[in-house]
Amino acid sequence: MVKISKIYPRDIIAFFSLVACFILISLGINHIVSGIAIMIITYYFSKRYYEEKHPDGDLNEKVKKIEEELKNNH
């Protein structure tokens, strides 16, 4: 089981996108919507799983570390 430690804006966007997809599917508009939902789910979980397995892969944190080092050097 993957432990989610942080909530990013893309998590919220993915959640609301999936809710919208399920609403459209329940209304009978499911031609392209089910494919879009599958793509959202696949991208989200693959990205999330990779980030949890490789915590040093987060670019935002790397950029913050570099900026802090530059501030400390000057």
# chains A, B, ... in the order shown; residues from 1 in each chain; ligands from 1

$ closest_atom_pairs --of "region 6-27 of chain A" --to "region 35-43 of chain A" --cutoff "10 Å" --atoms "only C-alpha atoms" --output "tab-separated table"
residue	atom	partner	partner_atom	distance
A:Ile13	CA	A:Ile40	CA	10.0
A:Ala14	CA	A:Ile40	CA	6.7
A:Phe15	CA	A:Ile40	CA	9.3
A:Ser17	CA	A:Ala37	CA	7.9
A:Leu18	CA	A:Ala37	CA	6.1
A:Val19	CA	A:Ala37	CA	9.3
A:Ala20	CA	A:Ala37	CA	9.2
A:Cys21	CA	A:Ala37	CA	6.1
A:Phe22	CA	A:Ala37	CA	8.1
A:Ile25	CA	A:Ala37	CA	9.7

$ atom_distance --atom1 "CA of Lys6 (chain A)" --atom2 "CA of Glu69 (chain A)"
24.0 Å

$ closest_residue --among "A:His31, A:Arg48, A:Ile23, A:Lys62" --to "Tyr8 (chain A)" --atoms "only C-alpha atoms"
A:Arg48

$ atom_distance --atom1 "CA of Phe16 (chain A)" --atom2 "CA of Tyr44 (chain A)"
12.5 Å

$ select_by_dssp --residues "chain A" --states "helix (DSSP H, G or I)" --output "PyMOL selection string"
chain A and resi 9-26+33-53+55-57+59-73
